[in-house]
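One file, input-v4.cif, is given below (mmCIF, N, CA, C and O atoms).
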```cif
data_start
#
loop_
_atom_site.label_atom_id
_atom_site.label_comp_id
_atom_site.auth_asym_id
_atom_site.auth_seq_id
_atom_site.Cartn_x
_atom_site.Cartn_y
_atom_site.Cartn_z
N MET V 246 12.21 -77.19 16.19
CA MET V 246 13.47 -76.63 15.71
C MET V 246 14.50 -77.75 15.59
O MET V 246 14.52 -78.67 16.40
N ASP V 247 15.36 -77.62 14.63
CA ASP V 247 16.42 -78.59 14.38
C ASP V 247 17.40 -78.62 15.56
O ASP V 247 17.90 -77.57 15.97
N PRO V 248 17.68 -79.80 16.12
CA PRO V 248 18.61 -79.89 17.25
C PRO V 248 19.99 -79.31 16.94
O PRO V 248 20.64 -78.73 17.81
N ARG V 249 20.42 -79.46 15.69
CA ARG V 249 21.74 -78.89 15.32
C ARG V 249 21.71 -77.37 15.42
O ARG V 249 22.70 -76.76 15.86
N GLN V 250 20.60 -76.77 15.04
CA GLN V 250 20.48 -75.31 15.14
C GLN V 250 20.44 -74.87 16.60
O GLN V 250 21.02 -73.84 16.96
N ILE V 251 19.78 -75.65 17.43
CA ILE V 251 19.73 -75.34 18.86
C ILE V 251 21.15 -75.35 19.44
O ILE V 251 21.54 -74.42 20.17
N LEU V 252 21.91 -76.40 19.12
CA LEU V 252 23.30 -76.47 19.61
C LEU V 252 24.14 -75.32 19.09
O LEU V 252 24.91 -74.70 19.83
N LYS V 253 24.01 -75.03 17.81
CA LYS V 253 24.76 -73.92 17.21
C LYS V 253 24.44 -72.62 17.93
O LYS V 253 25.35 -71.87 18.30
N ASP V 254 23.16 -72.37 18.17
CA ASP V 254 22.75 -71.16 18.88
C ASP V 254 23.33 -71.11 20.29
O ASP V 254 23.76 -70.04 20.75
N GLN V 255 23.36 -72.25 20.97
CA GLN V 255 23.91 -72.30 22.32
C GLN V 255 25.41 -72.02 22.32
O GLN V 255 25.91 -71.28 23.17
N PHE V 256 26.12 -72.61 21.37
CA PHE V 256 27.57 -72.37 21.28
C PHE V 256 27.85 -70.90 20.96
O PHE V 256 28.77 -70.30 21.52
N LEU V 257 27.05 -70.32 20.08
CA LEU V 257 27.23 -68.90 19.76
C LEU V 257 26.90 -68.01 20.97
O LEU V 257 27.56 -66.99 21.18
N GLN V 258 25.94 -68.43 21.76
CA GLN V 258 25.63 -67.67 22.97
C GLN V 258 26.81 -67.71 23.95
O GLN V 258 27.14 -66.70 24.58
N ILE V 259 27.46 -68.86 24.05
CA ILE V 259 28.65 -68.97 24.89
C ILE V 259 29.73 -68.02 24.39
O ILE V 259 30.37 -67.30 25.17
N VAL V 260 29.95 -68.02 23.07
CA VAL V 260 30.95 -67.12 22.49
C VAL V 260 30.60 -65.67 22.80
O VAL V 260 31.47 -64.89 23.23
N ASP V 261 29.36 -65.30 22.61
CA ASP V 261 28.95 -63.91 22.88
C ASP V 261 29.18 -63.54 24.34
O ASP V 261 29.63 -62.43 24.64
N THR V 262 28.90 -64.46 25.24
CA THR V 262 29.13 -64.20 26.67
C THR V 262 30.62 -64.05 26.95
O THR V 262 31.04 -63.15 27.69
N GLN V 263 31.43 -64.93 26.35
CA GLN V 263 32.88 -64.81 26.53
C GLN V 263 33.40 -63.47 26.02
O GLN V 263 34.23 -62.84 26.67
N LEU V 264 32.90 -63.04 24.87
CA LEU V 264 33.35 -61.76 24.31
C LEU V 264 32.89 -60.60 25.18
O LEU V 264 33.65 -59.66 25.43
N LYS V 265 31.65 -60.66 25.64
CA LYS V 265 31.10 -59.57 26.47
C LYS V 265 31.83 -59.47 27.80
O LYS V 265 32.18 -58.38 28.25
N ASP V 266 32.06 -60.63 28.43
CA ASP V 266 32.68 -60.66 29.75
C ASP V 266 34.21 -60.64 29.70
O ASP V 266 34.85 -60.55 30.74
N ASN V 267 34.75 -60.78 28.48
CA ASN V 267 36.20 -60.87 28.31
C ASN V 267 36.77 -62.00 29.16
O ASN V 267 37.80 -61.86 29.81
N ASP V 268 36.07 -63.13 29.14
CA ASP V 268 36.47 -64.29 29.94
C ASP V 268 36.17 -65.58 29.18
O ASP V 268 34.99 -65.91 29.00
N PRO V 269 37.16 -66.27 28.71
CA PRO V 269 38.57 -65.93 28.82
C PRO V 269 38.94 -64.80 27.86
O PRO V 269 38.37 -64.67 26.77
N ALA V 270 39.91 -64.02 28.26
CA ALA V 270 40.34 -62.87 27.46
C ALA V 270 40.81 -63.31 26.07
O ALA V 270 40.71 -62.56 25.11
N HIS V 271 41.29 -64.53 25.97
CA HIS V 271 41.82 -65.02 24.70
C HIS V 271 40.73 -65.14 23.64
O HIS V 271 41.02 -65.09 22.44
N ALA V 272 39.49 -65.28 24.05
CA ALA V 272 38.39 -65.31 23.08
C ALA V 272 38.30 -63.97 22.36
O ALA V 272 38.17 -63.92 21.13
N ARG V 273 38.40 -62.87 23.10
CA ARG V 273 38.37 -61.53 22.50
C ARG V 273 39.60 -61.31 21.63
O ARG V 273 39.52 -60.78 20.53
N VAL V 274 40.76 -61.73 22.10
CA VAL V 274 42.00 -61.60 21.31
C VAL V 274 41.84 -62.33 19.98
O VAL V 274 42.19 -61.83 18.92
N THR V 275 41.28 -63.54 20.04
CA THR V 275 41.09 -64.34 18.84
C THR V 275 40.08 -63.69 17.91
O THR V 275 40.30 -63.61 16.69
N PHE V 276 38.98 -63.22 18.46
CA PHE V 276 37.96 -62.53 17.66
C PHE V 276 38.58 -61.34 16.94
O PHE V 276 38.40 -61.19 15.71
N ASP V 277 39.32 -60.53 17.66
CA ASP V 277 39.94 -59.34 17.06
C ASP V 277 40.96 -59.74 15.99
O ASP V 277 41.06 -59.10 14.94
N ARG V 278 41.71 -60.80 16.23
CA ARG V 278 42.70 -61.29 15.26
C ARG V 278 42.01 -61.75 13.98
O ARG V 278 42.46 -61.43 12.87
N LEU V 279 40.92 -62.50 14.13
CA LEU V 279 40.19 -62.97 12.96
C LEU V 279 39.57 -61.81 12.19
O LEU V 279 39.59 -61.79 10.95
N ARG V 280 39.03 -60.82 12.89
CA ARG V 280 38.46 -59.64 12.23
C ARG V 280 39.54 -58.90 11.47
O ARG V 280 39.33 -58.48 10.33
N ALA V 281 40.72 -58.75 12.07
CA ALA V 281 41.83 -58.06 11.41
C ALA V 281 42.31 -58.83 10.18
O ALA V 281 42.83 -58.24 9.23
N ALA V 282 42.11 -60.14 10.19
CA ALA V 282 42.50 -60.98 9.06
C ALA V 282 41.47 -60.95 7.94
O ALA V 282 41.65 -61.59 6.90
N GLY V 283 40.36 -60.24 8.15
CA GLY V 283 39.38 -60.07 7.10
C GLY V 283 38.08 -60.85 7.26
O GLY V 283 37.19 -60.76 6.41
N TYR V 284 37.95 -61.61 8.33
CA TYR V 284 36.71 -62.35 8.57
C TYR V 284 35.68 -61.40 9.17
O TYR V 284 36.02 -60.55 9.99
N ASN V 285 34.41 -61.56 8.76
CA ASN V 285 33.36 -60.72 9.34
C ASN V 285 33.01 -61.23 10.74
O ASN V 285 33.46 -62.31 11.16
N ASP V 286 32.19 -60.46 11.46
CA ASP V 286 31.83 -60.81 12.84
C ASP V 286 31.22 -62.21 12.93
O ASP V 286 31.59 -63.00 13.80
N GLU V 287 30.27 -62.49 12.05
CA GLU V 287 29.57 -63.77 12.12
C GLU V 287 30.52 -64.95 11.90
O GLU V 287 30.48 -65.94 12.64
N THR V 288 31.38 -64.84 10.92
CA THR V 288 32.32 -65.92 10.64
C THR V 288 33.30 -66.10 11.79
O THR V 288 33.60 -67.23 12.18
N ALA V 289 33.80 -65.01 12.34
CA ALA V 289 34.72 -65.09 13.47
C ALA V 289 34.04 -65.76 14.67
O ALA V 289 34.63 -66.63 15.33
N ARG V 290 32.79 -65.40 14.94
CA ARG V 290 32.05 -66.01 16.04
C ARG V 290 31.84 -67.49 15.80
O ARG V 290 31.96 -68.30 16.71
N LEU V 291 31.51 -67.86 14.55
CA LEU V 291 31.31 -69.28 14.22
C LEU V 291 32.59 -70.08 14.39
O LEU V 291 32.56 -71.22 14.86
N MET V 292 33.72 -69.50 14.01
CA MET V 292 35.00 -70.20 14.18
C MET V 292 35.29 -70.45 15.66
O MET V 292 35.71 -71.53 16.04
N ILE V 293 35.06 -69.43 16.47
CA ILE V 293 35.28 -69.59 17.91
C ILE V 293 34.29 -70.61 18.48
O ILE V 293 34.66 -71.44 19.32
N ALA V 294 33.06 -70.59 17.99
CA ALA V 294 32.06 -71.56 18.44
C ALA V 294 32.49 -72.99 18.12
O ALA V 294 32.18 -73.91 18.88
N GLN V 295 33.21 -73.18 17.03
CA GLN V 295 33.74 -74.51 16.72
C GLN V 295 34.70 -74.98 17.81
O GLN V 295 34.71 -76.15 18.17
N CYS V 296 35.48 -74.05 18.34
CA CYS V 296 36.40 -74.40 19.43
C CYS V 296 35.63 -74.73 20.71
O CYS V 296 36.01 -75.65 21.43
N VAL V 297 34.57 -73.98 20.97
CA VAL V 297 33.71 -74.29 22.12
C VAL V 297 33.13 -75.69 21.95
O VAL V 297 33.17 -76.52 22.87
N ALA V 298 32.62 -75.98 20.76
CA ALA V 298 32.01 -77.28 20.50
C ALA V 298 33.03 -78.41 20.65
O ALA V 298 32.71 -79.47 21.22
N ALA V 299 34.24 -78.20 20.17
CA ALA V 299 35.29 -79.22 20.29
C ALA V 299 35.60 -79.50 21.76
O ALA V 299 35.79 -80.66 22.16
N GLU V 300 35.64 -78.46 22.55
CA GLU V 300 35.95 -78.64 23.97
C GLU V 300 34.79 -79.32 24.69
O GLU V 300 35.01 -80.22 25.52
N VAL V 301 33.57 -78.94 24.38
CA VAL V 301 32.40 -79.60 24.99
C VAL V 301 32.38 -81.08 24.61
O VAL V 301 32.12 -81.95 25.45
N ARG V 302 32.67 -81.36 23.36
CA ARG V 302 32.70 -82.75 22.89
C ARG V 302 33.75 -83.54 23.69
O ARG V 302 33.49 -84.66 24.14
N GLU V 303 34.91 -82.96 23.90
CA GLU V 303 35.98 -83.64 24.65
C GLU V 303 35.56 -83.86 26.10
O GLU V 303 35.79 -84.92 26.67
N VAL V 304 34.95 -82.86 26.71
CA VAL V 304 34.48 -82.98 28.09
C VAL V 304 33.45 -84.10 28.21
O VAL V 304 33.51 -84.93 29.13
N MET V 305 32.54 -84.15 27.26
CA MET V 305 31.50 -85.18 27.31
C MET V 305 32.07 -86.57 27.06
O MET V 305 31.65 -87.55 27.69
N ALA V 306 33.04 -86.68 26.17
CA ALA V 306 33.62 -87.98 25.84
C ALA V 306 34.50 -88.52 26.96
O ALA V 306 34.50 -89.72 27.23
N SER V 307 35.23 -87.64 27.62
CA SER V 307 36.20 -88.09 28.62
C SER V 307 35.70 -87.96 30.05
O SER V 307 36.27 -88.57 30.96
N GLY V 308 34.69 -87.12 30.26
CA GLY V 308 34.22 -86.88 31.62
C GLY V 308 35.13 -85.94 32.39
O GLY V 308 34.91 -85.68 33.56
N ALA V 309 36.15 -85.42 31.72
CA ALA V 309 37.08 -84.49 32.36
C ALA V 309 36.45 -83.09 32.42
O ALA V 309 35.41 -82.84 31.81
N GLU V 310 37.10 -82.21 33.11
CA GLU V 310 36.63 -80.83 33.21
C GLU V 310 37.05 -80.04 31.97
O GLU V 310 37.95 -80.47 31.23
N PHE V 311 36.40 -78.91 31.78
CA PHE V 311 36.76 -77.99 30.70
C PHE V 311 38.23 -77.66 30.82
O PHE V 311 38.70 -77.28 31.89
N ASN V 312 38.98 -77.81 29.73
CA ASN V 312 40.43 -77.59 29.74
C ASN V 312 40.71 -76.27 29.03
O ASN V 312 40.73 -76.21 27.80
N THR V 313 40.92 -75.22 29.82
CA THR V 313 41.13 -73.89 29.26
C THR V 313 42.36 -73.84 28.37
O THR V 313 42.34 -73.21 27.31
N ALA V 314 43.43 -74.52 28.76
CA ALA V 314 44.65 -74.52 27.95
C ALA V 314 44.40 -75.14 26.58
O ALA V 314 44.86 -74.61 25.56
N ARG V 315 43.67 -76.23 26.54
CA ARG V 315 43.35 -76.87 25.26
C ARG V 315 42.44 -75.97 24.43
O ARG V 315 42.61 -75.85 23.21
N TYR V 316 41.49 -75.32 25.07
CA TYR V 316 40.59 -74.40 24.38
C TYR V 316 41.38 -73.25 23.75
O TYR V 316 41.20 -72.92 22.58
N ILE V 317 42.29 -72.67 24.51
CA ILE V 317 43.12 -71.58 24.00
C ILE V 317 44.01 -72.06 22.86
O ILE V 317 44.19 -71.36 21.86
N LYS V 318 44.54 -73.27 22.97
CA LYS V 318 45.35 -73.83 21.89
C LYS V 318 44.53 -73.93 20.61
O LYS V 318 45.02 -73.59 19.52
N ASN V 319 43.29 -74.36 20.72
CA ASN V 319 42.42 -74.43 19.55
C ASN V 319 42.09 -73.04 19.01
O ASN V 319 42.03 -72.84 17.79
N LEU V 320 41.88 -72.08 19.90
CA LEU V 320 41.66 -70.70 19.45
C LEU V 320 42.86 -70.20 18.66
O LEU V 320 42.71 -69.54 17.63
N ASP V 321 44.05 -70.52 19.13
CA ASP V 321 45.27 -70.07 18.45
C ASP V 321 45.42 -70.69 17.07
O ASP V 321 46.06 -70.11 16.20
N ARG V 322 44.83 -71.86 16.86
CA ARG V 322 44.91 -72.54 15.56
C ARG V 322 44.03 -71.89 14.50
O ARG V 322 44.26 -72.08 13.31
N LEU V 323 43.00 -71.17 14.93
CA LEU V 323 42.07 -70.58 13.96
C LEU V 323 42.79 -69.66 12.99
O LEU V 323 43.72 -68.97 13.39
N PRO V 324 42.48 -69.70 11.70
CA PRO V 324 41.27 -70.25 11.10
C PRO V 324 41.31 -71.75 10.80
O PRO V 324 40.35 -72.28 10.25
N GLU V 325 42.40 -72.43 11.17
CA GLU V 325 42.42 -73.88 11.01
C GLU V 325 41.41 -74.47 12.00
O GLU V 325 41.24 -73.95 13.10
N PRO V 326 40.75 -75.57 11.63
CA PRO V 326 39.77 -76.16 12.55
C PRO V 326 40.41 -76.67 13.83
O PRO V 326 41.61 -76.99 13.85
N PRO V 327 39.62 -76.77 14.90
CA PRO V 327 40.15 -77.28 16.16
C PRO V 327 40.67 -78.70 16.00
O PRO V 327 40.18 -79.46 15.16
N ALA V 328 41.65 -79.02 16.81
CA ALA V 328 42.25 -80.36 16.76
C ALA V 328 41.41 -81.35 17.54
O ALA V 328 40.72 -81.03 18.45
#
```

Translate the structure of the given file into structure tokens.
Amino acid sequence: MDPRQILKDQFLQIVDTQLKDNDPAHARVTFDRLRAAGYNDETARLMIAQCVAAEVREVMASGAEFNTARYIKNLDRLPEPPA
């Protein structure tokens, strides 16, 4: 299997867990906002997954811990790409 597809699937699994567990709650708020704006479920999940990927990339590059505030800031930017 393509490594990019494996990563994509993993990020989407994280999004699905966040939505199911409502943790962080802002993931559900963002999903609902994107759906209300006309995006379908899959596209909304992919957009949120981009924010997960951006945060994971930052954690790996800096060695810092997951920054929930930065993650939420990126969620708030959607549908614009994460910063």

Practice task
Quick one: apply the PyMOL selection byres (((chain V and resi 277 and name CA) around 12) and name CA) to the file and drop the selected residues here as a ChimeraX atom specification.
Solution key: /V:264,267,270-276,278-286,288-290,293,320,323

Problem - Selection: 9 Å around Pro269 of chain V, only C-alpha atoms, excl. self and same-chain fewer than 6 positions, as a PyMOL selection string - result: chain V and resi 263+313+317

Exercise for the section: Would you list, as a ChimeraX atom specification, the residues of chain V that end up in alpha helix (DSSP H) under DSSP run on this structure's backbone? Expected result: /V:248-266,270-281,286-307,313-322

Handout entry: 9 Å contact set for Ala328 of chain V, only C-alpha atoms, chain neighbours under 3 positions out, as a list in words
Key = Cys296, Ala299, Lys318, Asn319, Arg322 and Glu325 of chain V

Exercise for the section: With only N, CA, C and O atoms counted, which protein, DNA or RNA residues have an atom no more than 4.5 Å from (30.3, -72.0, 21.8) in the file frame? Please answer as an MDAnalysis selection string. Expected result: chainID V and resid 256:257 260 294 297

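Distance-wise, atom N of Val301 of chain V and atom C of Pro248 of chain V end up 15.5 Å apart.
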
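Using only C-alpha atoms, the smallest distance between any of V:Ala298, V:Glu303, V:Asp268, V:Met292 and Gln255 of chain V comes from V:Ala298.
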
Practice task
Could you please determine the separation between atom N of Ile259 of chain V and atom N of Glu300 of chain V in Å, to one decimal place?
Solution key: 12.7 Å

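Here atom O of Val304 of chain V and atom O of Tyr316 of chain V stand 15.7 Å from one another.
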
Problem - Option closest in space to Arg315 of chain V, from V:Lys265, V:Pro327, V:Arg249, V:Glu287 [counting all atoms listed in the file] - result: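 That would be V:Pro327, the residue with the smallest distance to Arg315 of chain V.
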
Axis-aligned box over every listed atom of segment 274-281 of chain V, padded by 8 Å per side: centre and edges in Å to one decimal, as AutoDock Vina command-line options?
```
--center_x 40.4 --center_y -61.2 --center_z 15.7 --size_x 20.9 --size_y 22.3 --size_z 28.9
```
